[in-house]
Amino acid sequence: DSYNVKITDVISSFFLNNVYVIGKYFYEYFLNFSLKYNSLDKTFFPNKGCYYNISYKVILPYSNINYYQINLNYNYYKLFYNKYIVNLFGHIKYGGIYNHFYSYPFFKNYFFIGTSNVRGYEDKSLGPKINKGDKKLPFGGNFSFLFKLSFFTSSFFGLTSIRSGVFFDFGQIYNTITTVYSIVKIINPVNIKFSTGIVFIWITPFGIPLEISLAKPFNVDLNDKIKNIHCAFGASL
């Protein structure tokens with residue numbers, strides 16, 4: 001892969017040194033290792049089983065940028081009384097640096113977006129932010145975790161193409177690397193975001209899942225952007 005980073009882009013101050021030293025063009029050669037397991041009984045609206053994916057991305061020599069990423073994604077379903085389904089969905093993602101690189105590349109930061117978000121908050125609104133004038137812009141971070149616990153009914157008033165339920169979400173994004181080999185302890189439980197509410201998931205006639213949720217967020221601060229009603233295609237089922 002190759003990247004063209006413009007100097008006019010809004011980037012972190014601790015990454016500017018990389019642009020000046022290495023240049024504004026970045027290229028990388030990498031290997032991806034992945035381990036997957038899938039025991040879900042159905043592709044859409046599963047009732048039982050689990051899915052997980054553990055991946056590791058490593059940058060190879062002769063790249064002019066060096067980092068690695070370790071990601072864990074999981075999705076678990078359990079059926080009770082042939083009518084109710086418990087679903088646990090989420091991820092843990094971490095990006096690190098090695099080989100004396102100054103900092104983690106900002107354009108590889110993680111964001112919450114779509115169904116991989118704490119419902120009740122706008123996409124990309126959680127996690128570190130940077131100042132641009134009087135605005136705070138989302139910047140993302142190198143460490144992300146998300147947990148979503150949902151309780152569904154197997155049908156909605158007899159309609160098997162719709163599931164309804166209640167949920168509880170929590171998660172956050174952090175920037176744990178500030179300088180070379182400097183890991184700062186800023187994973188503070190006080191900053192974790194929570195939400196709860198109701199959710200409807202519909203398999204549209206096009207075969208694309210649509211998730212509609214009504215959420216009440218908790219632990220909100222002044223810089224958070226709230227979105228109580230959220231719609232997203234491609235819901236994780």
# chains A, B, ... in the order shown; residues from 1 in each chain; ligands from 1
>>> select_by_dssp(residues="stretch 37-190 of chain A", states="strand (DSSP E or B)", output="ChimeraX atom specification")
/A:37-38,49-59,68-80,84-96,110,113,116,120-121,129-132,135-138,141,143-153,156,159,162-174,177-179,182-183
>>> write_last_selection(atoms="C-alpha atoms", output="short mmCIF file (atom, residue, chain, number, x, y, z; two decimals), in the first residue's frame")
data_model
loop_
_atom_site.label_atom_id
_atom_site.label_comp_id
_atom_site.auth_asym_id
_atom_site.auth_seq_id
_atom_site.Cartn_x
_atom_site.Cartn_y
_atom_site.Cartn_z
CA TYR A 37 -13.78 -19.67 13.68
CA ASN A 38 -17.47 -19.74 12.74
CA GLY A 49 -23.07 -20.25 17.79
CA CYS A 50 -20.10 -17.93 17.75
CA TYR A 51 -17.75 -16.24 15.34
CA TYR A 52 -14.33 -14.79 16.06
CA ASN A 53 -11.48 -13.47 13.99
CA ILE A 54 -7.98 -12.82 15.33
CA SER A 55 -5.69 -11.00 12.91
CA TYR A 56 -2.12 -9.73 13.02
CA LYS A 57 -0.67 -7.31 10.49
CA VAL A 58 3.10 -6.86 10.38
CA ILE A 59 5.07 -4.45 8.21
CA TYR A 68 1.78 -3.52 13.62
CA GLN A 69 -1.88 -4.19 14.35
CA ILE A 70 -3.57 -6.90 16.41
CA ASN A 71 -7.35 -7.20 16.12
CA LEU A 72 -9.91 -9.44 17.79
CA ASN A 73 -13.53 -9.45 16.56
CA TYR A 74 -16.19 -11.68 18.08
CA ASN A 75 -19.91 -12.39 17.83
CA TYR A 76 -21.74 -14.84 20.11
CA TYR A 77 -25.39 -16.00 20.12
CA LYS A 78 -27.34 -18.12 22.59
CA LEU A 79 -30.98 -19.20 22.22
CA PHE A 80 -33.27 -19.48 25.26
CA TYR A 84 -35.18 -15.29 23.04
CA ILE A 85 -31.63 -14.69 21.83
CA VAL A 86 -28.67 -13.24 23.73
CA ASN A 87 -26.00 -11.65 21.56
CA LEU A 88 -22.52 -10.52 22.63
CA PHE A 89 -20.65 -8.58 19.95
CA GLY A 90 -17.51 -6.49 20.00
CA HIS A 91 -13.83 -6.06 19.29
CA ILE A 92 -10.45 -5.27 20.81
CA LYS A 93 -7.94 -3.58 18.49
CA TYR A 94 -4.41 -2.36 19.09
CA GLY A 95 -1.80 -0.75 16.88
CA GLY A 96 1.83 -0.46 18.01
CA TYR A 110 -9.19 3.41 14.76
CA ILE A 113 -18.46 3.94 12.87
CA SER A 116 -19.24 -0.86 15.35
CA GLY A 120 -26.27 6.90 21.07
CA TYR A 121 -23.11 8.68 19.89
CA LYS A 129 -9.75 14.88 19.27
CA ILE A 130 -7.52 17.69 18.03
CA ASN A 131 -8.15 21.42 17.92
CA LYS A 132 -8.70 23.29 14.67
CA LYS A 135 -13.57 23.19 16.69
CA LYS A 136 -12.52 19.80 17.98
CA LEU A 137 -12.07 17.30 15.18
CA PRO A 138 -12.06 13.50 15.63
CA GLY A 141 -6.48 6.34 18.38
CA PHE A 143 -6.38 1.29 20.90
CA SER A 144 -10.08 0.51 20.59
CA PHE A 145 -12.45 -1.73 22.50
CA LEU A 146 -16.18 -2.24 22.15
CA PHE A 147 -18.68 -4.52 23.92
CA LYS A 148 -22.34 -4.79 22.89
CA LEU A 149 -24.80 -6.96 24.82
CA SER A 150 -28.24 -7.41 23.24
CA PHE A 151 -31.39 -9.38 24.07
CA PHE A 152 -33.60 -10.15 21.04
CA THR A 153 -36.88 -11.83 20.29
CA PHE A 156 -41.40 -9.15 15.63
CA LEU A 159 -42.42 -11.19 11.16
CA ILE A 162 -37.40 -8.29 11.84
CA ARG A 163 -35.82 -8.68 15.25
CA SER A 164 -36.37 -6.33 18.14
CA GLY A 165 -34.59 -6.11 21.44
CA VAL A 166 -32.82 -4.13 24.10
CA PHE A 167 -29.10 -3.48 24.38
CA PHE A 168 -26.27 -2.27 26.56
CA ASP A 169 -23.09 -0.93 24.92
CA PHE A 170 -19.78 0.34 26.25
CA GLY A 171 -16.41 1.14 24.74
CA GLN A 172 -13.87 3.82 23.97
CA ILE A 173 -10.89 4.69 21.77
CA TYR A 174 -7.54 5.80 23.20
CA ILE A 177 1.48 6.19 22.09
CA THR A 178 2.83 9.73 22.20
CA THR A 179 6.54 9.38 21.42
CA SER A 182 6.36 5.83 25.20
CA ILE A 183 3.18 4.05 26.27
#
>>> residues_around(residues="A:Asn219", least_positions_apart="6", cutoff="8 Å", atoms="only C-alpha atoms", output="PyMOL selection string")
chain A and resi 191-194
>>> atom_distance(atom1="atom CA of A:Gly140", atom2="atom CA of A:Leu126")
7.7 Å
>>> atom_distance(atom1="atom CA of A:Lys108", atom2="atom CA of A:Thr196")
29.4 Å
>>> closest_residue(among="A:Ser213, A:Thr204, A:Phe139, A:Asp123", to="A:Lys225", atoms="only C-alpha atoms")
A:Asp123
>>> closest_residue(among="A:Thr160, A:Ser34, A:Ser195, A:Asn223", to="A:Asn117", atoms="only C-alpha atoms")
A:Ser195
>>> atom_distance(atom1="atom CA of A:Phe200", atom2="atom CA of A:Ile212")
5.2 Å
>>> closest_residue(among="A:Lys42, A:Asp221, A:Tyr29, A:Phe233", to="A:Phe206", atoms="only C-alpha atoms")
A:Phe233
